[in-house]
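Below is one structure; the comments refer to it alone.
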Amino acid sequence: MAGFRIGRGRDNNRSPQQPPQQQQSYGQQQPPPYGRPPYPPVGGPPPQQQWPQPGAGGHGEPEYFDPYGQQQPQAQQPPYGHGGHGGHGGGGGYTNDNPGHTQVFAVGEDPYGQGATYQAGAASAAPSGPRLPWKELLRGIVTRPGQTFLQMRDYAVWGPALIVTFLYGLLAVFGLDDAREDVINATVPKAIPIVLSAGVAFVICGLILGAVTHTLARQLGGDGSWQPTVGLSMLVMSITDAPRLLFAVFLGGDNMVVQVLGWATWVAAGALFTSLVSKSHDLPWPKALGASAIQLVALLSIIKLGTI
């Protein structure tokens with residue numbers, strides 16, 4: 001017992017080479033595992049220890065992560081597309097498109113190109129020309145249909161379409177033999193409702209057939225708007241049948257001249273419908289003709305075959 005000394009506050013079992021452990025106060029954290037540098041003690045300066053760099057074989061944090069608020073100077077970044085993180089271009093430096101790094105662009109700048117996405121039914125960025133007045137519109141459908149349809153593909157033409165189709169329906173009654181006899185033999189109070197109802201019926205028929213043509217054009221890959229397509233198709237339907245109707249009013253539907261005009265105007269209507277759908281929906285002429293096929297068959301069976 002003489003060889004041992006007993007003292008207060010001493011750990012007799014600890015070897016002399018082992019330094020005394022300091023009591024850790026509340027709020028201090030233990031050093032993080034996996035070899036990361038310890039957090040600075042309370043009230044003391046941060047340790048001068050660098051985070052492992054990505055090119056040196058370590059896996060560091062992103063460049064915007066700085067736990068101590070001290071940003072280290074960064075090496076000059078290589079130009080976009082050159083070098084890489086242990087990959088192409090040699091060297092192990094970061095590039096701006098690597099994970100954890102950001103690329104700064106100016107407002108309105110698109111470094112990846114101005115890509116365009118197809119949107120069916122969307123109007124074109126800029127109209128092909130100014131809106132045509134109704135007189136020039138009707139004249140243009142006959143004299144220069146391609147340019148007129150292209151210029152009016154972004155404008156609705158409801159006013160001229162509804163008025164012209166309604167007037168066409170009023171006269172179409174006299175082009176049909178049976179309806180013509182009923183109107184002529186009826187009194188004025190009875191004839192007026194028949195004529196007015198015929199005009200309204202032709203307007204509704206034109207709207208339905210134009211909508212069918214537009215729907216088929218969209219199914220075939222067209223990108224035109226429905227209002228110009230429907231309105232222009234009503235004008236084409238009315239204008240192309242006007243020559244036959246004028247002769248049918250005076251000569252009747254059984255006349256040979258009326259029959260020849262009926263077939264000729266039907267072929268002309270097919271050509272105008274094809275041009276209309278092609279210009280309005282950016283379709284080749286075979287698809288444009290297919291989109292207007294139902295409307296052409298309906299016009300032939302409902303209107304022209306009644307007199308032919």
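Chain labels run A, B, ... following the order of the structure tokens; each chain numbers its residues from 1, and ligands are numbered from 1 in the order shown.
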
Need to verify the contact set: A:Ala217, 9 Å, only C-alpha atoms, exclusion of same-chain residues closer than 6 positions in sequence. Can you return it as a list of chain:residue names?
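Within the cut-off, the hits are A:Asp223, A:Gly224, A:Val277, A:Ser278, A:His281, A:Leu283, A:Lys287, A:Ala288, A:Gly290, A:Ala291, A:Ser292.
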
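Checking A:Pro243, A:Pro133, A:Pro284, A:Gly253 one by one against A:Trp266, counting only C-alpha atoms, you find the shortest gap at A:Pro243.
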
If you count only C-alpha atoms, the residue of A:Leu235, A:Ala211, A:Leu245, A:Leu162 closest to A:Phe149 turns out to be A:Leu235

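A straight line drawn from atom CA of A:Ala179 to atom CA of A:Val236 is 23.6 Å long.
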